[in-house]
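Chemist: Structure file query.cif, mmCIF, C-alpha atoms and all ligand atoms, is pasted below:
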data_work
loop_
_atom_site.group_PDB
_atom_site.id
_atom_site.type_symbol
_atom_site.label_atom_id
_atom_site.label_comp_id
_atom_site.auth_asym_id
_atom_site.auth_seq_id
_atom_site.Cartn_x
_atom_site.Cartn_y
_atom_site.Cartn_z
ATOM 1 C CA SER A 1 0.000 0.000 0.000
ATOM 2 C CA ILE A 2 0.862 3.684 -0.271
ATOM 3 C CA ILE A 3 0.877 5.968 2.770
ATOM 4 C CA VAL A 4 0.684 9.755 2.635
ATOM 5 C CA PHE A 5 1.755 11.665 5.747
ATOM 6 C CA GLY A 6 0.859 15.312 5.334
ATOM 7 C CA SER A 7 -1.581 18.174 5.000
ATOM 8 C CA ILE A 8 -5.343 18.270 4.513
ATOM 9 C CA ASN A 9 -6.844 21.667 3.626
ATOM 10 C CA MET A 10 -10.057 23.251 2.512
ATOM 11 C CA ASP A 11 -9.434 25.816 -0.221
ATOM 12 C CA LEU A 12 -11.769 28.819 0.028
ATOM 13 C CA VAL A 13 -11.650 30.421 -3.380
ATOM 14 C CA THR A 14 -13.041 33.878 -4.183
ATOM 15 C CA ARG A 15 -13.115 35.516 -7.613
ATOM 16 C CA THR A 16 -12.889 39.285 -7.800
ATOM 17 C CA PRO A 17 -12.253 41.778 -10.639
ATOM 18 C CA ARG A 18 -9.103 42.966 -8.862
ATOM 19 C CA LEU A 19 -7.408 42.220 -5.546
ATOM 20 C CA PRO A 20 -8.322 44.499 -2.619
ATOM 21 C CA VAL A 21 -5.790 46.941 -1.166
ATOM 22 C CA PRO A 22 -5.346 47.132 2.651
ATOM 23 C CA GLY A 23 -8.466 48.541 4.334
ATOM 24 C CA GLU A 24 -10.610 48.073 1.244
ATOM 25 C CA THR A 25 -13.793 46.024 0.896
ATOM 26 C CA LEU A 26 -14.833 45.039 -2.581
ATOM 27 C CA LEU A 27 -17.450 42.836 -4.163
ATOM 28 C CA GLY A 28 -16.373 39.525 -5.555
ATOM 29 C CA TYR A 29 -18.503 37.571 -8.030
ATOM 30 C CA ASP A 30 -17.822 33.904 -7.306
ATOM 31 C CA PHE A 31 -17.029 31.656 -4.357
ATOM 32 C CA PHE A 32 -16.435 27.953 -3.949
ATOM 33 C CA THR A 33 -14.778 25.558 -1.552
ATOM 34 C CA ALA A 34 -12.557 22.731 -2.774
ATOM 35 C CA PRO A 35 -10.668 20.059 -0.851
ATOM 36 C CA GLY A 36 -6.902 20.481 -1.115
ATOM 37 C CA GLY A 37 -3.622 20.291 0.757
ATOM 38 C CA LYS A 38 -0.679 18.654 -0.958
ATOM 39 C CA GLY A 39 -0.929 15.596 1.289
ATOM 40 C CA ALA A 40 -4.615 14.990 0.611
ATOM 41 C CA ASN A 41 -4.153 15.649 -3.123
ATOM 42 C CA GLN A 42 -1.430 13.000 -3.279
ATOM 43 C CA ALA A 43 -3.517 10.527 -1.249
ATOM 44 C CA VAL A 44 -6.433 10.951 -3.660
ATOM 45 C CA GLY A 45 -4.139 10.614 -6.683
ATOM 46 C CA ALA A 46 -2.675 7.429 -5.231
ATOM 47 C CA ALA A 47 -6.097 5.976 -4.368
ATOM 48 C CA LEU A 48 -7.237 6.468 -7.974
ATOM 49 C CA LEU A 49 -4.262 4.565 -9.404
ATOM 50 C CA SER A 50 -3.496 1.881 -6.796
ATOM 51 C CA LYS A 51 -5.208 -0.658 -4.553
ATOM 52 C CA THR A 52 -4.727 1.023 -1.181
ATOM 53 C CA SER A 53 -3.875 4.582 -0.192
ATOM 54 C CA TYR A 54 -3.775 5.638 3.462
ATOM 55 C CA MET A 55 -3.831 9.250 4.616
ATOM 56 C CA ILE A 56 -2.275 10.233 7.934
ATOM 57 C CA GLY A 57 -2.811 13.744 9.231
ATOM 58 C CA ARG A 58 -5.308 15.899 11.092
ATOM 59 C CA VAL A 59 -8.461 17.884 10.507
ATOM 60 C CA GLY A 60 -10.307 20.125 12.977
ATOM 61 C CA ASN A 61 -13.548 19.227 14.739
ATOM 62 C CA ASP A 62 -15.552 21.474 12.400
ATOM 63 C CA SER A 63 -17.698 21.231 9.287
ATOM 64 C CA PHE A 64 -14.710 21.585 6.948
ATOM 65 C CA GLY A 65 -13.087 18.660 8.762
ATOM 66 C CA GLN A 66 -16.156 16.489 8.188
ATOM 67 C CA GLU A 67 -16.324 17.510 4.529
ATOM 68 C CA LEU A 68 -12.630 16.832 4.011
ATOM 69 C CA LEU A 69 -12.898 13.349 5.525
ATOM 70 C CA ALA A 70 -15.970 12.581 3.431
ATOM 71 C CA SER A 71 -14.347 13.677 0.181
ATOM 72 C CA LEU A 72 -11.228 11.608 0.881
ATOM 73 C CA LYS A 73 -13.421 8.552 1.551
ATOM 74 C CA VAL A 74 -15.388 9.069 -1.646
ATOM 75 C CA ALA A 75 -12.106 9.144 -3.559
ATOM 76 C CA GLY A 76 -11.206 5.782 -2.010
ATOM 77 C CA VAL A 77 -8.621 6.973 0.519
ATOM 78 C CA GLN A 78 -8.369 5.060 3.823
ATOM 79 C CA THR A 79 -9.081 7.725 6.473
ATOM 80 C CA ASP A 80 -9.092 5.745 9.756
ATOM 81 C CA SER A 81 -5.662 7.114 10.676
ATOM 82 C CA ILE A 82 -6.700 10.755 10.326
ATOM 83 C CA LEU A 83 -7.093 12.433 13.720
ATOM 84 C CA ILE A 84 -9.928 14.851 14.423
ATOM 85 C CA ASP A 85 -8.176 17.466 16.551
ATOM 86 C CA ASP A 86 -10.532 19.193 19.018
ATOM 87 C CA THR A 87 -8.079 21.943 19.828
ATOM 88 C CA THR A 88 -8.017 23.754 16.514
ATOM 89 C CA SER A 89 -9.651 24.467 13.149
ATOM 90 C CA SER A 90 -9.193 22.501 9.938
ATOM 91 C CA GLY A 91 -6.426 23.791 7.705
ATOM 92 C CA VAL A 92 -7.643 26.340 5.171
ATOM 93 C CA ALA A 93 -6.223 28.235 2.222
ATOM 94 C CA VAL A 94 -8.041 31.530 1.681
ATOM 95 C CA ILE A 95 -7.505 32.330 -1.976
ATOM 96 C CA ALA A 96 -8.455 35.407 -4.003
ATOM 97 C CA VAL A 97 -8.088 35.293 -7.791
ATOM 98 C CA ASP A 98 -8.555 38.387 -9.967
ATOM 99 C CA ASP A 99 -9.416 38.771 -13.649
ATOM 100 C CA ARG A 100 -5.748 38.757 -14.654
ATOM 101 C CA SER A 101 -5.335 35.452 -12.756
ATOM 102 C CA GLU A 102 -3.153 37.169 -10.165
ATOM 103 C CA ASN A 103 -3.822 35.695 -6.750
ATOM 104 C CA THR A 104 -3.237 36.174 -3.045
ATOM 105 C CA ILE A 105 -3.274 33.152 -0.770
ATOM 106 C CA ILE A 106 -3.366 32.970 3.022
ATOM 107 C CA VAL A 107 -2.788 29.482 4.375
ATOM 108 C CA VAL A 108 -3.811 28.836 7.981
ATOM 109 C CA PRO A 109 -2.372 25.408 8.873
ATOM 110 C CA GLY A 110 -4.779 24.799 11.792
ATOM 111 C CA ALA A 111 -4.833 21.055 12.492
ATOM 112 C CA ASN A 112 -1.973 20.454 9.999
ATOM 113 C CA GLY A 113 0.256 22.527 12.275
ATOM 114 C CA LYS A 114 -0.451 20.163 15.185
ATOM 115 C CA VAL A 115 0.849 17.024 13.461
ATOM 116 C CA ASN A 116 3.530 15.482 15.712
ATOM 117 C CA HIS A 117 5.115 12.202 16.884
ATOM 118 C CA THR A 118 1.745 10.759 17.953
ATOM 119 C CA ASP A 119 0.700 10.805 14.294
ATOM 120 C CA VAL A 120 3.929 8.959 13.507
ATOM 121 C CA GLU A 121 2.822 6.220 15.936
ATOM 122 C CA ARG A 122 -0.253 5.650 13.753
ATOM 123 C CA LEU A 123 2.031 5.610 10.721
ATOM 124 C CA GLU A 124 4.236 2.922 12.274
ATOM 125 C CA LYS A 125 1.254 0.547 12.520
ATOM 126 C CA LEU A 126 0.696 0.792 8.747
ATOM 127 C CA LEU A 127 4.317 0.614 7.567
ATOM 128 C CA PRO A 128 4.725 -3.193 7.610
ATOM 129 C CA ASN A 129 2.319 -3.505 4.666
ATOM 130 C CA ALA A 130 3.453 -0.406 2.786
ATOM 131 C CA SER A 131 5.783 0.072 -0.173
ATOM 132 C CA VAL A 132 5.972 3.872 -0.369
ATOM 133 C CA LEU A 133 5.644 6.852 1.988
ATOM 134 C CA LEU A 134 4.771 10.189 0.365
ATOM 135 C CA LEU A 135 5.875 13.340 2.203
ATOM 136 C CA GLN A 136 5.525 17.077 1.493
ATOM 137 C CA LEU A 137 6.391 20.105 3.627
ATOM 138 C CA GLU A 138 2.985 21.357 4.840
ATOM 139 C CA VAL A 139 3.136 19.774 8.314
ATOM 140 C CA PRO A 140 5.811 20.438 11.001
ATOM 141 C CA ILE A 141 9.330 19.345 10.013
ATOM 142 C CA PRO A 142 10.091 17.349 13.218
ATOM 143 C CA ALA A 143 7.068 15.130 12.493
ATOM 144 C CA ILE A 144 8.137 14.726 8.858
ATOM 145 C CA ILE A 145 11.619 13.674 9.930
ATOM 146 C CA ALA A 146 10.198 11.179 12.427
ATOM 147 C CA ALA A 147 7.900 9.780 9.726
ATOM 148 C CA ALA A 148 10.804 9.396 7.295
ATOM 149 C CA GLU A 149 12.890 7.726 9.979
ATOM 150 C CA ALA A 150 10.118 5.226 10.730
ATOM 151 C CA ALA A 151 9.731 4.458 7.020
ATOM 152 C CA LYS A 152 13.478 3.944 6.579
ATOM 153 C CA LYS A 153 13.485 1.510 9.491
ATOM 154 C CA ALA A 154 10.611 -0.419 7.903
ATOM 155 C CA LYS A 155 12.395 -0.409 4.493
ATOM 156 C CA VAL A 156 9.606 1.639 2.929
ATOM 157 C CA LYS A 157 10.622 3.970 0.082
ATOM 158 C CA VAL A 158 10.520 7.664 1.074
ATOM 159 C CA ILE A 159 9.470 10.124 -1.661
ATOM 160 C CA LEU A 160 9.748 13.761 -0.596
ATOM 161 C CA ASP A 161 7.989 16.565 -2.464
ATOM 162 C CA PRO A 162 9.873 19.574 -1.009
ATOM 163 C CA ALA A 163 6.913 21.926 -1.329
ATOM 164 C CA PRO A 164 6.459 24.629 -0.253
ATOM 165 C CA ALA A 165 10.243 24.906 -0.420
ATOM 166 C CA PRO A 166 12.138 26.613 2.406
ATOM 167 C CA GLU A 167 15.524 28.257 1.760
ATOM 168 C CA LYS A 168 17.208 25.541 3.754
ATOM 169 C CA LEU A 169 15.996 22.034 4.443
ATOM 170 C CA SER A 170 17.255 19.868 7.303
ATOM 171 C CA ASP A 171 20.257 17.670 6.419
ATOM 172 C CA GLU A 172 18.640 14.894 8.432
ATOM 173 C CA LEU A 173 15.578 14.909 6.191
ATOM 174 C CA TYR A 174 17.724 14.856 3.026
ATOM 175 C CA SER A 175 19.620 11.833 4.296
ATOM 176 C CA LEU A 176 16.355 9.950 4.938
ATOM 177 C CA THR A 177 14.995 10.675 1.448
ATOM 178 C CA ASP A 178 15.125 8.050 -1.292
ATOM 179 C CA ILE A 179 13.620 10.261 -3.985
ATOM 180 C CA ILE A 180 13.253 14.062 -3.928
ATOM 181 C CA THR A 181 10.892 15.626 -6.477
ATOM 182 C CA PRO A 182 11.201 19.441 -6.620
ATOM 183 C CA ASN A 183 9.920 21.559 -9.493
ATOM 184 C CA GLU A 184 12.326 24.162 -10.928
ATOM 185 C CA THR A 185 11.349 26.918 -8.486
ATOM 186 C CA GLU A 186 11.587 24.644 -5.470
ATOM 187 C CA ALA A 187 14.917 23.168 -6.561
ATOM 188 C CA SER A 188 16.387 26.642 -7.203
ATOM 189 C CA ARG A 189 15.350 27.786 -3.748
ATOM 190 C CA LEU A 190 16.758 24.726 -2.013
ATOM 191 C CA VAL A 191 20.123 24.750 -3.799
ATOM 192 C CA GLY A 192 20.512 28.547 -3.595
ATOM 193 C CA PHE A 193 21.014 29.297 -7.330
ATOM 194 C CA GLU A 194 18.776 29.582 -10.379
ATOM 195 C CA ILE A 195 18.366 26.402 -12.420
ATOM 196 C CA THR A 196 18.333 27.585 -16.036
ATOM 197 C CA ASN A 197 20.271 25.066 -18.144
ATOM 198 C CA GLN A 198 21.871 21.617 -18.236
ATOM 199 C CA GLU A 199 24.898 22.800 -16.262
ATOM 200 C CA THR A 200 22.921 24.267 -13.352
ATOM 201 C CA MET A 201 20.621 21.243 -13.419
ATOM 202 C CA THR A 202 23.614 18.908 -13.007
ATOM 203 C CA LYS A 203 24.928 21.101 -10.190
ATOM 204 C CA ALA A 204 21.568 20.942 -8.429
ATOM 205 C CA VAL A 205 21.518 17.159 -8.712
ATOM 206 C CA GLU A 206 25.035 17.047 -7.233
ATOM 207 C CA PHE A 207 23.853 19.224 -4.335
ATOM 208 C CA PHE A 208 21.004 16.869 -3.427
ATOM 209 C CA ILE A 209 23.132 13.721 -3.854
ATOM 210 C CA SER A 210 25.866 15.223 -1.653
ATOM 211 C CA LYS A 211 23.175 15.671 1.027
ATOM 212 C CA GLY A 212 22.460 11.941 0.962
ATOM 213 C CA VAL A 213 19.401 11.862 -1.300
ATOM 214 C CA GLU A 214 19.474 8.744 -3.462
ATOM 215 C CA THR A 215 17.550 9.877 -6.561
ATOM 216 C CA VAL A 216 16.678 13.364 -7.797
ATOM 217 C CA VAL A 217 13.601 13.908 -9.951
ATOM 218 C CA LEU A 218 13.352 17.464 -11.288
ATOM 219 C CA LYS A 219 9.809 18.293 -12.429
ATOM 220 C CA LEU A 220 10.155 20.710 -15.338
ATOM 221 C CA GLY A 221 6.527 21.459 -16.233
ATOM 222 C CA ASN A 222 5.880 21.213 -19.981
ATOM 223 C CA LYS A 223 9.574 20.418 -20.521
ATOM 224 C CA GLY A 224 9.098 17.080 -18.731
ATOM 225 C CA VAL A 225 11.327 15.480 -16.122
ATOM 226 C CA PHE A 226 15.039 15.125 -15.465
ATOM 227 C CA CYS A 227 16.016 12.189 -13.282
ATOM 228 C CA ALA A 228 19.446 11.380 -11.871
ATOM 229 C CA ASN A 229 21.117 9.184 -9.286
ATOM 230 C CA ALA A 230 24.573 7.668 -8.804
ATOM 231 C CA SER A 231 24.115 5.083 -11.556
ATOM 232 C CA ASP A 232 21.782 6.659 -14.133
ATOM 233 C CA SER A 233 20.563 9.981 -15.506
ATOM 234 C CA PHE A 234 17.986 10.676 -18.174
ATOM 235 C CA MET A 235 15.470 13.189 -19.474
ATOM 236 C CA LEU A 236 11.846 12.245 -20.129
ATOM 237 C CA PRO A 237 9.972 14.730 -22.348
ATOM 238 C CA ALA A 238 6.465 15.744 -21.280
ATOM 239 C CA PHE A 239 3.443 13.959 -22.727
ATOM 240 C CA GLN A 240 1.814 16.261 -25.302
ATOM 241 C CA VAL A 241 -1.557 17.370 -23.973
ATOM 242 C CA ASN A 242 -3.816 20.412 -24.153
ATOM 243 C CA ALA A 243 -2.867 21.997 -20.804
ATOM 244 C CA ILE A 244 -5.405 24.417 -19.326
ATOM 245 C CA ASP A 245 -4.638 24.441 -15.568
ATOM 246 C CA THR A 246 -1.451 23.106 -13.977
ATOM 247 C CA VAL A 247 -2.793 23.028 -10.397
ATOM 248 C CA ALA A 248 -1.889 19.718 -8.699
ATOM 249 C CA ALA A 249 0.217 18.430 -11.630
ATOM 250 C CA GLY A 250 3.093 17.935 -9.203
ATOM 251 C CA ASP A 251 0.865 16.125 -6.701
ATOM 252 C CA ALA A 252 -0.476 13.852 -9.441
ATOM 253 C CA PHE A 253 3.102 13.116 -10.479
ATOM 254 C CA ASN A 254 4.150 11.949 -7.009
ATOM 255 C CA ALA A 255 0.971 9.929 -6.496
ATOM 256 C CA ALA A 256 1.415 8.093 -9.795
ATOM 257 C CA MET A 257 5.087 7.422 -9.118
ATOM 258 C CA ALA A 258 4.068 5.827 -5.828
ATOM 259 C CA ALA A 259 1.388 3.752 -7.563
ATOM 260 C CA ALA A 260 3.973 2.453 -10.041
ATOM 261 C CA PHE A 261 6.387 1.464 -7.290
ATOM 262 C CA ASP A 262 3.512 -0.145 -5.381
ATOM 263 C CA SER A 263 2.873 -2.285 -8.485
ATOM 264 C CA GLY A 264 6.522 -3.369 -8.473
ATOM 265 C CA LEU A 265 7.623 -1.237 -11.440
ATOM 266 C CA SER A 266 11.086 0.280 -11.963
ATOM 267 C CA LEU A 267 12.227 3.892 -11.416
ATOM 268 C CA ARG A 268 12.020 4.620 -15.150
ATOM 269 C CA GLU A 269 8.484 3.248 -15.342
ATOM 270 C CA ALA A 270 7.507 5.167 -12.206
ATOM 271 C CA ILE A 271 8.706 8.422 -13.748
ATOM 272 C CA LYS A 272 6.744 7.698 -16.892
ATOM 273 C CA TRP A 273 3.612 7.093 -14.792
ATOM 274 C CA GLY A 274 4.289 10.339 -12.934
ATOM 275 C CA ALA A 275 4.684 12.334 -16.127
ATOM 276 C CA ALA A 276 1.511 10.827 -17.578
ATOM 277 C CA ALA A 277 -0.563 11.649 -14.493
ATOM 278 C CA GLY A 278 0.971 15.141 -14.306
ATOM 279 C CA ALA A 279 0.127 15.817 -17.945
ATOM 280 C CA LEU A 280 -3.458 14.544 -17.622
ATOM 281 C CA THR A 281 -4.015 16.706 -14.527
ATOM 282 C CA THR A 282 -3.219 19.839 -16.550
ATOM 283 C CA THR A 283 -6.079 19.074 -18.952
ATOM 284 C CA LYS A 284 -8.735 19.733 -16.262
ATOM 285 C CA LYS A 285 -9.407 22.542 -13.813
ATOM 286 C CA GLY A 286 -8.896 22.372 -10.062
ATOM 287 C CA ALA A 287 -6.822 20.152 -7.773
ATOM 288 C CA GLN A 288 -8.473 16.894 -6.701
ATOM 289 C CA PRO A 289 -11.165 16.850 -9.432
ATOM 290 C CA SER A 290 -8.456 16.960 -12.107
ATOM 291 C CA LEU A 291 -6.508 13.913 -10.878
ATOM 292 C CA PRO A 292 -6.689 11.010 -13.366
ATOM 293 C CA ASN A 293 -8.249 7.636 -12.564
ATOM 294 C CA LYS A 294 -7.039 4.342 -14.096
ATOM 295 C CA GLU A 295 -9.289 4.665 -17.111
ATOM 296 C CA THR A 296 -8.130 8.179 -18.016
ATOM 297 C CA PHE A 297 -4.574 7.182 -17.227
ATOM 298 C CA ASP A 298 -4.647 4.237 -19.636
ATOM 299 C CA THR A 299 -5.579 6.521 -22.541
ATOM 300 C CA LEU A 300 -2.001 7.889 -22.573
ATOM 301 C CA PHE A 301 -0.522 4.397 -22.831
ATOM 302 C CA ARG A 302 -2.747 3.022 -25.574
HETATM 303 P P1 LIG B 1 4.444 21.377 -9.977
HETATM 304 O O1 LIG B 1 2.985 21.163 -10.243
HETATM 305 O O2 LIG B 1 4.923 20.760 -8.704
HETATM 306 O O3 LIG B 1 4.889 22.792 -10.169
HETATM 307 P P2 LIG B 1 5.255 20.688 -12.657
HETATM 308 O O4 LIG B 1 4.519 21.890 -13.130
HETATM 309 O O5 LIG B 1 6.654 20.511 -13.105
HETATM 310 O O6 LIG B 1 5.229 20.537 -11.084
HETATM 311 O O7 LIG B 1 4.379 19.427 -13.135
HETATM 312 C C1 LIG B 1 4.716 18.122 -12.738
HETATM 313 C C2 LIG B 1 4.819 17.218 -13.943
HETATM 314 O O8 LIG B 1 3.576 17.186 -14.646
HETATM 315 C C3 LIG B 1 5.851 17.666 -14.970
HETATM 316 O O9 LIG B 1 7.132 17.188 -14.656
HETATM 317 C C4 LIG B 1 5.307 17.035 -16.257
HETATM 318 O O10 LIG B 1 5.659 15.679 -16.342
HETATM 319 C C5 LIG B 1 3.796 17.151 -16.041
HETATM 320 N N1 LIG B 1 3.329 18.402 -16.666
HETATM 321 C C6 LIG B 1 3.184 19.621 -16.060
HETATM 322 N N2 LIG B 1 2.771 20.560 -16.941
HETATM 323 C C7 LIG B 1 2.629 19.920 -18.133
HETATM 324 C C8 LIG B 1 2.206 20.317 -19.463
HETATM 325 N N3 LIG B 1 1.861 21.581 -19.731
HETATM 326 N N4 LIG B 1 2.180 19.371 -20.437
HETATM 327 C C9 LIG B 1 2.518 18.094 -20.176
HETATM 328 N N5 LIG B 1 2.925 17.662 -18.972
HETATM 329 C C10 LIG B 1 2.986 18.548 -17.957
#
Could you quickly redo this structure as structure tokens?
Modeler:
Amino acid sequence: SIIVFGSINMDLVTRTPRLPVPGETLLGYDFFTAPGGKGANQAVGAALLSKTSYMIGRVGNDSFGQELLASLKVAGVQTDSILIDDTTSSGVAVIAVDDRSENTIIVVPGANGKVNHTDVERLEKLLPNASVLLLQLEVPIPAIIAAAEAAKKAKVKVILDPAPAPEKLSDELYSLTDIITPNETEASRLVGFEITNQETMTKAVEFFISKGVETVVLKLGNKGVFCANASDSFMLPAFQVNAIDTVAAGDAFNAAMAAAFDSGLSLREAIKWGAAAGALTTTKKGAQPSLPNKETFDTLFR
């Protein structure tokens, strides 16, 4: 099975002609809520493409929490290991989008910010039957490190999506990571220089490998993927699709990679699965609703 240890959010999306300035009230023209959080997105993506996907994390004891649990269940995610935290609200992202597609986003971690070693204890119970652990950076770092450590001990593959990327990531977490999957922006931030060409890409890979990461997977949007480790390096071009909205492409990528590994496939196959799921996700709007299921996924391999 696949386990995701990470964030669960409700996105609160408002549409407005322009973004307000401080002190200003203006009238928007559209509002909707949508389940999100990189962790939950990846758990849904994995559930759609594999037999079993477990989510570990927290929601608040509020209506968003109930909705988030329900939507994960509907997508086929195992939610028994999600804690309902009475002490705080569910995580939310308050998003405003204007007519030029500029946005402002306020993320309030809420329950995600409370994730700690007790959540790792629930993870440990599931690890014996797992093949892959998916991590991102939207819950507290000490808990992420403890989760990675537990997975390592259980010989479960650790795939880290370093998003949102900090300027510096803990050396301990790097050394526990089997596969790191930054996009260009995230990789540039983590290595401390702009990645613009083959030379800087190679330098970035060297940086991550020197930190103890086994395999580096650079997600390059419509340019595809660059993958490198000590024994192999290759470029996989993107699948040609009609991209309309890239939200959650990266999450779909990681989920599909995990599904491939869970089916016993190789690194190269896993990257191909990731790229296919990422590409398909860009052909639909939104985060979780745009993630491909097996049927959609197969269309790219026929
Ligand atoms: P993120 O969503 O984390 O920023 P990317 O934008 O790089 O990451 O997308 C992840 C992967 O999804 C890419 O490596 C690529 O394989 C696929 N992908 C993203 N955008 C496109 C696109 N426009 N056309 C085809 N594939 C895409």
Chemist: Please put the answer as JSON: centre and edge lengths, in Å with one decimal, of a box along x, y and z that encloses all listed atoms of ligand LIG 1 (chain B) plus 5 Å on each side.
Modeler:
{"center_x": 4.5, "center_y": 19.2, "center_z": -14.6, "size_x": 15.3, "size_y": 17.1, "size_z": 21.7}
Chemist: With only C-alpha atoms and all ligand atoms counted and 6 Å as the cut-off, give the residues of chain A in contact with ligand LIG 1 (chain B), each with its shortest interatomic distance in Å and the pair that gives it, as JSON lines.
Modeler:
{"residue": "A:Asn183", "atom": "CA", "partner": "B:LIG1", "partner_atom": "O5", "distance": 5.0}
{"residue": "A:Lys219", "atom": "CA", "partner": "B:LIG1", "partner_atom": "O9", "distance": 3.7}
{"residue": "A:Leu220", "atom": "CA", "partner": "B:LIG1", "partner_atom": "O5", "distance": 4.2}
{"residue": "A:Gly221", "atom": "CA", "partner": "B:LIG1", "partner_atom": "O5", "distance": 3.3}
{"residue": "A:Asn222", "atom": "CA", "partner": "B:LIG1", "partner_atom": "C8", "distance": 3.8}
{"residue": "A:Gly224", "atom": "CA", "partner": "B:LIG1", "partner_atom": "O10", "distance": 4.4}
{"residue": "A:Val225", "atom": "CA", "partner": "B:LIG1", "partner_atom": "O9", "distance": 4.8}
{"residue": "A:Ala238", "atom": "CA", "partner": "B:LIG1", "partner_atom": "N5", "distance": 4.6}
{"residue": "A:Phe239", "atom": "CA", "partner": "B:LIG1", "partner_atom": "C9", "distance": 4.9}
{"residue": "A:Gln240", "atom": "CA", "partner": "B:LIG1", "partner_atom": "C9", "distance": 5.5}
{"residue": "A:Val241", "atom": "CA", "partner": "B:LIG1", "partner_atom": "N4", "distance": 5.5}
{"residue": "A:Ala243", "atom": "CA", "partner": "B:LIG1", "partner_atom": "N3", "distance": 4.9}
{"residue": "A:Thr246", "atom": "CA", "partner": "B:LIG1", "partner_atom": "N2", "distance": 5.8}
{"residue": "A:Ala248", "atom": "CA", "partner": "B:LIG1", "partner_atom": "O1", "distance": 5.3}
{"residue": "A:Ala249", "atom": "CA", "partner": "B:LIG1", "partner_atom": "O1", "distance": 4.1}
{"residue": "A:Gly250", "atom": "CA", "partner": "B:LIG1", "partner_atom": "O1", "distance": 3.4}
{"residue": "A:Phe253", "atom": "CA", "partner": "B:LIG1", "partner_atom": "C2", "distance": 5.6}
{"residue": "A:Ala275", "atom": "CA", "partner": "B:LIG1", "partner_atom": "O10", "distance": 3.5}
{"residue": "A:Gly278", "atom": "CA", "partner": "B:LIG1", "partner_atom": "O8", "distance": 3.3}
{"residue": "A:Ala279", "atom": "CA", "partner": "B:LIG1", "partner_atom": "N5", "distance": 3.5}
Chemist: So that I can check the surroundings of A:Asp85, please list as a short mmCIF file (atom, residue, chain, number, x, y, z; two decimals) with C-alpha atoms, keeping the file's coordinate frame every protein, DNA and RNA residue that reaches within 8 Å of it, counting only C-alpha atoms and ignoring chain neighbours fewer than 6 positions away.
Modeler:
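This is the output file selection_21.cif:
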data_model
loop_
_atom_site.label_atom_id
_atom_site.label_comp_id
_atom_site.auth_asym_id
_atom_site.auth_seq_id
_atom_site.Cartn_x
_atom_site.Cartn_y
_atom_site.Cartn_z
CA ARG A 58 -5.31 15.90 11.09
CA VAL A 59 -8.46 17.88 10.51
CA GLY A 60 -10.31 20.12 12.98
CA ASN A 61 -13.55 19.23 14.74
CA ALA A 111 -4.83 21.06 12.49
#
Chemist: In terms of the shortest atom-to-atom distance over only C-alpha atoms, which of A:Phe5, A:Ala96, A:Pro289, A:Ala47 is closest to A:Ala150?
Modeler: A:Phe5
Chemist: Compile the contact shell of A:Leu267 as a count of residues only: residues with an atom at most 12 Å away, counting all atoms listed in the file, same-chain residues fewer than 2 positions apart removed.
Modeler: 31
Chemist: Suppose a student applies the PyMOL selection byres (((chain A and resi 43) around 7) and not hetatm) to this structure; what residues should they get, written as a PDB file with C-alpha atoms, keeping the file's coordinate frame?
Modeler:
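Produced file selection.pdb, reproduced below:
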ATOM      1  CA  VAL A   4       0.684   9.755   2.635  1.00  0.00           C
ATOM      2  CA  GLY A  39      -0.929  15.596   1.289  1.00  0.00           C
ATOM      3  CA  ALA A  40      -4.615  14.990   0.611  1.00  0.00           C
ATOM      4  CA  ASN A  41      -4.153  15.649  -3.123  1.00  0.00           C
ATOM      5  CA  GLN A  42      -1.430  13.000  -3.279  1.00  0.00           C
ATOM      6  CA  VAL A  44      -6.433  10.951  -3.660  1.00  0.00           C
ATOM      7  CA  GLY A  45      -4.139  10.614  -6.683  1.00  0.00           C
ATOM      8  CA  ALA A  46      -2.675   7.429  -5.231  1.00  0.00           C
ATOM      9  CA  ALA A  47      -6.097   5.976  -4.368  1.00  0.00           C
ATOM     10  CA  SER A  53      -3.875   4.582  -0.192  1.00  0.00           C
ATOM     11  CA  TYR A  54      -3.775   5.638   3.462  1.00  0.00           C
ATOM     12  CA  MET A  55      -3.831   9.250   4.616  1.00  0.00           C
ATOM     13  CA  VAL A  77      -8.621   6.973   0.519  1.00  0.00           C
ATOM     14  CA  ALA A 255       0.971   9.929  -6.496  1.00  0.00           C
TER      15      ALA A 255
END
Chemist: With distances taken over all atoms listed in the file, which residue among A:Val13, A:Leu134, A:Leu291, A:Leu49 lies nearest A:Thr181?
Modeler: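 Among the listed residues, the smallest separation from A:Thr181 belongs to A:Leu134.
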Chemist: So, counting only C-alpha atoms, which residue among A:Val107, A:Leu135, A:Leu26, A:Ile3 is closest to A:Arg122?
Modeler: A:Ile3
Chemist: Give the answer as one residue: which of A:Phe208, A:Tyr29, A:Phe226, A:Phe64 has the shortest atom-to-atom distance to A:Asp99, using all atoms listed in the file?
Modeler: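 The shortest atom-to-atom distance to A:Asp99 comes from A:Tyr29.
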Chemist: Here is a test: counting all atoms listed in the file, which residue of A:Ala163, A:Thr104, A:Ser50, A:Gly6 is nearest to A:Val21?
Modeler: A:Thr104
Chemist: Tell me which of A:Val97, A:Val158, A:Leu173, A:Ile105 sits closest to A:Ile141, counting all atoms listed in the file.
Modeler: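 Nearest to A:Ile141: A:Leu173.
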Chemist: What residues come out when you apply the PyMOL selection byres (((chain A and resi 290) around 9) and not hetatm) to this file, written as a PyMOL selection string?
Modeler: chain A and resi 247-249+252+280-289+291-292
Chemist: If you measure from atom CA of A:Ala151 to atom CA of A:Glu124, what distance in Å do you get, rounded to one decimal?
Modeler: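 Atom-to-atom, atom CA of A:Ala151 to atom CA of A:Glu124, that is 7.8 Å.
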